[in-house]
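*Asks:* Here you go, this is structure-v3.cif (mmCIF, N, CA and C atoms).
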```
data_structure
loop_
_atom_site.label_atom_id
_atom_site.label_comp_id
_atom_site.auth_asym_id
_atom_site.auth_seq_id
_atom_site.Cartn_x
_atom_site.Cartn_y
_atom_site.Cartn_z
N MET R 99 45.74 97.81 48.84
CA MET R 99 46.32 96.95 49.85
C MET R 99 47.51 97.66 50.48
N LYS R 100 47.58 97.58 51.78
CA LYS R 100 48.71 98.15 52.51
C LYS R 100 49.90 97.21 52.45
N LEU R 101 51.08 97.77 52.66
CA LEU R 101 52.31 96.98 52.67
C LEU R 101 52.23 95.87 53.70
N SER R 102 51.74 96.17 54.89
CA SER R 102 51.66 95.16 55.95
C SER R 102 50.73 94.01 55.56
N GLU R 103 49.68 94.31 54.82
CA GLU R 103 48.76 93.27 54.36
C GLU R 103 49.44 92.37 53.32
N PHE R 104 50.21 93.00 52.43
CA PHE R 104 50.92 92.22 51.41
C PHE R 104 51.92 91.28 52.05
N ILE R 105 52.67 91.78 53.01
CA ILE R 105 53.68 90.96 53.68
C ILE R 105 53.06 89.74 54.33
N ALA R 106 51.83 89.87 54.83
CA ALA R 106 51.15 88.77 55.52
C ALA R 106 50.58 87.71 54.56
N LEU R 107 50.56 87.98 53.26
CA LEU R 107 50.02 87.02 52.30
C LEU R 107 50.92 85.80 52.16
N SER R 108 50.32 84.70 51.74
CA SER R 108 51.11 83.50 51.41
C SER R 108 51.84 83.76 50.09
N GLU R 109 52.80 82.91 49.77
CA GLU R 109 53.56 83.07 48.52
C GLU R 109 52.63 83.03 47.31
N GLU R 110 51.66 82.14 47.31
CA GLU R 110 50.73 82.03 46.18
C GLU R 110 49.84 83.27 46.08
N GLU R 111 49.42 83.80 47.22
CA GLU R 111 48.60 85.01 47.22
C GLU R 111 49.42 86.21 46.74
N LYS R 112 50.68 86.27 47.13
CA LYS R 112 51.55 87.35 46.66
C LYS R 112 51.70 87.28 45.15
N ARG R 113 51.95 86.08 44.66
CA ARG R 113 52.11 85.89 43.21
C ARG R 113 50.87 86.37 42.46
N ALA R 114 49.70 85.92 42.90
CA ALA R 114 48.46 86.30 42.24
C ALA R 114 48.24 87.81 42.30
N PHE R 115 48.49 88.40 43.46
CA PHE R 115 48.26 89.84 43.61
C PHE R 115 49.20 90.64 42.72
N VAL R 116 50.47 90.30 42.74
CA VAL R 116 51.44 91.04 41.92
C VAL R 116 51.11 90.92 40.44
N LEU R 117 50.79 89.73 39.99
CA LEU R 117 50.53 89.53 38.57
C LEU R 117 49.20 90.14 38.12
N GLN R 118 48.23 90.21 39.02
CA GLN R 118 46.92 90.77 38.66
C GLN R 118 46.82 92.27 38.87
N GLN R 119 47.43 92.78 39.95
CA GLN R 119 47.27 94.18 40.31
C GLN R 119 48.51 95.04 40.02
N GLY R 120 49.66 94.40 39.86
CA GLY R 120 50.89 95.15 39.66
C GLY R 120 51.11 95.57 38.22
N VAL R 121 51.88 96.62 38.06
CA VAL R 121 52.29 97.10 36.74
C VAL R 121 53.79 96.88 36.63
N ALA R 122 54.20 96.06 35.68
CA ALA R 122 55.63 95.80 35.47
C ALA R 122 56.28 97.07 34.93
N VAL R 123 57.30 97.56 35.64
CA VAL R 123 57.92 98.82 35.24
C VAL R 123 59.40 98.70 34.89
N ALA R 124 60.04 97.63 35.31
CA ALA R 124 61.47 97.51 35.01
C ALA R 124 61.93 96.07 35.21
N LYS R 125 63.12 95.81 34.68
CA LYS R 125 63.73 94.49 34.80
C LYS R 125 65.23 94.68 34.91
N ARG R 126 65.86 93.82 35.68
CA ARG R 126 67.33 93.82 35.75
C ARG R 126 67.79 92.38 35.92
N GLN R 127 69.05 92.17 35.67
CA GLN R 127 69.62 90.83 35.74
C GLN R 127 70.72 90.79 36.78
N LEU R 128 70.68 89.77 37.61
CA LEU R 128 71.71 89.48 38.59
C LEU R 128 72.21 88.07 38.33
N PRO R 129 73.38 87.70 38.81
CA PRO R 129 73.86 86.33 38.58
C PRO R 129 72.84 85.28 39.05
N GLY R 130 72.29 84.55 38.12
CA GLY R 130 71.33 83.50 38.41
C GLY R 130 69.89 83.93 38.54
N TYR R 131 69.64 85.25 38.48
CA TYR R 131 68.28 85.76 38.68
C TYR R 131 67.88 86.77 37.61
N LEU R 132 66.60 86.79 37.33
CA LEU R 132 65.96 87.91 36.64
C LEU R 132 65.10 88.58 37.69
N VAL R 133 65.23 89.88 37.83
CA VAL R 133 64.48 90.62 38.84
C VAL R 133 63.53 91.57 38.12
N PHE R 134 62.25 91.41 38.41
CA PHE R 134 61.22 92.26 37.81
C PHE R 134 60.66 93.19 38.88
N LEU R 135 60.50 94.46 38.53
CA LEU R 135 59.96 95.45 39.44
C LEU R 135 58.52 95.74 39.05
N TYR R 136 57.63 95.62 40.02
CA TYR R 136 56.21 95.89 39.82
C TYR R 136 55.80 97.06 40.70
N GLN R 137 55.00 97.95 40.13
CA GLN R 137 54.44 99.05 40.91
C GLN R 137 53.03 98.66 41.34
N LEU R 138 52.78 98.82 42.64
CA LEU R 138 51.45 98.60 43.19
C LEU R 138 50.95 99.94 43.73
N SER R 139 49.81 99.97 44.35
CA SER R 139 49.22 101.25 44.78
C SER R 139 50.14 102.09 45.66
N TYR R 140 50.70 101.49 46.71
CA TYR R 140 51.45 102.27 47.69
C TYR R 140 52.89 101.82 47.87
N PHE R 141 53.33 100.87 47.07
CA PHE R 141 54.68 100.35 47.21
C PHE R 141 55.08 99.62 45.93
N TYR R 142 56.32 99.19 45.87
CA TYR R 142 56.83 98.41 44.75
C TYR R 142 57.18 97.02 45.26
N VAL R 143 57.18 96.05 44.35
CA VAL R 143 57.59 94.68 44.68
C VAL R 143 58.57 94.21 43.62
N GLU R 144 59.69 93.67 44.09
CA GLU R 144 60.64 93.00 43.21
C GLU R 144 60.36 91.50 43.29
N THR R 145 60.32 90.86 42.14
CA THR R 145 60.22 89.41 42.10
C THR R 145 61.56 88.87 41.60
N TYR R 146 62.15 88.00 42.38
CA TYR R 146 63.43 87.37 42.03
C TYR R 146 63.10 86.02 41.41
N CYS R 147 63.40 85.88 40.13
CA CYS R 147 63.08 84.67 39.38
C CYS R 147 64.36 83.92 39.01
N CYS R 148 64.30 82.63 39.13
CA CYS R 148 65.41 81.78 38.71
C CYS R 148 65.55 81.89 37.19
N GLN R 149 66.75 82.16 36.71
CA GLN R 149 66.95 82.27 35.27
C GLN R 149 66.66 80.97 34.54
N GLN R 150 66.93 79.85 35.17
CA GLN R 150 66.74 78.57 34.49
C GLN R 150 65.28 78.13 34.49
N THR R 151 64.64 78.16 35.64
CA THR R 151 63.28 77.62 35.74
C THR R 151 62.20 78.68 35.57
N LYS R 152 62.56 79.96 35.65
CA LYS R 152 61.63 81.10 35.59
C LYS R 152 60.67 81.14 36.78
N GLU R 153 60.94 80.35 37.79
CA GLU R 153 60.12 80.31 38.99
C GLU R 153 60.43 81.51 39.89
N ILE R 154 59.40 82.12 40.47
CA ILE R 154 59.61 83.21 41.42
C ILE R 154 60.09 82.60 42.72
N LEU R 155 61.28 83.01 43.16
CA LEU R 155 61.87 82.46 44.37
C LEU R 155 61.70 83.37 45.58
N GLU R 156 61.53 84.68 45.31
CA GLU R 156 61.47 85.62 46.43
C GLU R 156 60.74 86.89 46.01
N TYR R 157 60.04 87.48 46.97
CA TYR R 157 59.40 88.77 46.79
C TYR R 157 60.06 89.75 47.76
N ARG R 158 60.43 90.91 47.26
CA ARG R 158 60.98 91.95 48.12
C ARG R 158 60.17 93.22 47.92
N THR R 159 59.71 93.79 49.01
CA THR R 159 58.91 95.00 48.91
C THR R 159 59.82 96.23 49.02
N ILE R 160 59.43 97.25 48.29
CA ILE R 160 60.15 98.52 48.29
C ILE R 160 59.13 99.60 48.60
N TYR R 161 59.35 100.32 49.68
CA TYR R 161 58.41 101.37 50.07
C TYR R 161 59.02 102.76 49.98
N SER R 162 60.29 102.82 49.62
CA SER R 162 60.97 104.11 49.50
C SER R 162 61.63 104.20 48.13
N THR R 163 61.54 105.35 47.50
CA THR R 163 62.13 105.50 46.17
C THR R 163 63.65 105.41 46.18
N LYS R 164 64.28 105.58 47.34
CA LYS R 164 65.75 105.47 47.38
C LYS R 164 66.22 104.06 47.01
N HIS R 165 65.36 103.07 47.18
CA HIS R 165 65.72 101.70 46.83
C HIS R 165 65.51 101.39 45.34
N LEU R 166 65.05 102.37 44.60
CA LEU R 166 64.87 102.19 43.15
C LEU R 166 66.13 102.54 42.36
N LYS R 167 67.19 102.92 43.06
CA LYS R 167 68.42 103.37 42.42
C LYS R 167 68.95 102.42 41.34
N PRO R 168 68.99 101.08 41.56
CA PRO R 168 69.51 100.20 40.50
C PRO R 168 68.71 100.31 39.20
N TYR R 169 67.44 100.62 39.31
CA TYR R 169 66.61 100.76 38.10
C TYR R 169 66.78 102.13 37.47
N LEU R 170 66.84 103.16 38.29
CA LEU R 170 66.97 104.52 37.77
C LEU R 170 68.30 104.72 37.06
N GLU R 171 69.34 104.06 37.56
CA GLU R 171 70.66 104.19 36.93
C GLU R 171 70.70 103.58 35.53
N SER R 172 69.79 102.68 35.23
CA SER R 172 69.81 102.03 33.92
C SER R 172 68.98 102.77 32.88
N ILE R 173 68.31 103.86 33.26
CA ILE R 173 67.50 104.62 32.31
C ILE R 173 68.41 105.62 31.60
N PRO R 174 68.52 105.50 30.28
CA PRO R 174 69.39 106.43 29.54
C PRO R 174 68.74 107.82 29.47
N ILE R 175 69.49 108.83 29.90
CA ILE R 175 68.98 110.20 29.84
C ILE R 175 69.92 111.14 29.09
N ASP R 176 70.96 110.59 28.50
CA ASP R 176 71.93 111.43 27.78
C ASP R 176 71.27 112.31 26.73
N HIS R 177 70.30 111.77 26.02
CA HIS R 177 69.64 112.54 24.98
C HIS R 177 68.86 113.73 25.56
N LEU R 178 68.48 113.66 26.82
CA LEU R 178 67.79 114.79 27.45
C LEU R 178 68.77 115.89 27.86
N LEU R 179 70.00 115.51 28.15
CA LEU R 179 70.99 116.47 28.58
C LEU R 179 71.66 117.20 27.43
N ASN R 180 71.63 116.63 26.25
CA ASN R 180 72.32 117.20 25.10
C ASN R 180 71.43 118.01 24.20
N THR R 181 70.35 118.53 24.69
CA THR R 181 69.43 119.32 23.85
C THR R 181 69.70 120.79 23.97
#
```
Now, as a test, write the supplied structure out as structure tokens.

*Replies:*
Amino acid sequence: MKLSEFIALSEEEKRAFVLQQGVAVAKRQLPGYLVFLYQLSYFYVETYCCQQTKEILEYRTIYSTKHLKPYLESIPIDHLLNT
């Protein structure tokens, strides 16, 4: 699926597609939200979930790796540098 096709989906279709076709690769926490990062064929999708209800409130697409910085910064690599 192309990014433009995903954007045109309804919220329920996005949910089904992400959960069936996406690979969960990371998670981060923001005030009031749990944000899950899913990798799809040609892009990534962040799902913003309410911490209290666990309901997905928003989908954000990521098509450039520069937007993955919040996730990459949380990966510990110290053990790779000290060898």

*Asks:* Taking the file as I've supplied it (selection: the PyMOL selection byres ((chain R and resi 101-112) around 8)), which residues are included? Please answer as a ChimeraX atom specification.

*Replies:* /R:99-100,113-118,140-141,157,159,161

*Asks:* Enumerate, as a PyMOL selection string, the complete set of residues in chain R that a backbone-based DSSP assignment places in helix (DSSP H, G or I).

*Replies:* chain R and resi 101-105+109-119+163-170+176-179

*Asks:* Quick one: which residues end up in the PyMOL selection byres (((chain R and resi 142-154 and name CA) around 9) and name CA) for this structure, as a list in words?

*Replies:*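 Evaluating the PyMOL selection byres (((chain R and resi 142-154 and name CA) around 9) and name CA) on this file yields Arg113, Val116, Gly120, Gln127, Pro129, Gly130, Tyr131, Leu132, Val133, Phe134, Leu135, Tyr136, Gln137, Leu138, Ser139, Tyr140, Phe141, Leu155, Glu156, Tyr157, Arg158, Thr159, Ile160, Tyr161, Ser162 and Thr163 of chain R.
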
*Asks:* So what do you get for atom N of Pro168 of chain R versus atom C of Val121 of chain R, distance-wise?

*Replies:*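 We find that atom N of Pro168 of chain R and atom C of Val121 of chain R lie 16.5 Å from each other.
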
*Asks:* Go ahead and compute the interatomic distance for atom C of Arg126 of chain R and atom CA of His165 of chain R, in Å to one decimal.

*Replies:*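 Straight-line distance from atom C of Arg126 of chain R to atom CA of His165 of chain R works out to 14.5 Å.
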
*Asks:* Given 4 Å of margin on each side, can you work out the centre and size in Å (one decimal) of an axis-aligned box holding every listed atom of segment 133-150 of chain R, as lines of an AutoDock Vina configuration file?

*Replies:*
```
center_x = 58.1
center_y = 90.2
center_z = 41.2
size_x = 25.7
size_y = 32.1
size_z = 21.4
```

*Asks:* So how many Å separate atom CA of Leu170 of chain R and atom C of Leu128 of chain R, to one decimal?

*Replies:*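 Between atom CA of Leu170 of chain R and atom C of Leu128 of chain R the gap works out to 17.3 Å.
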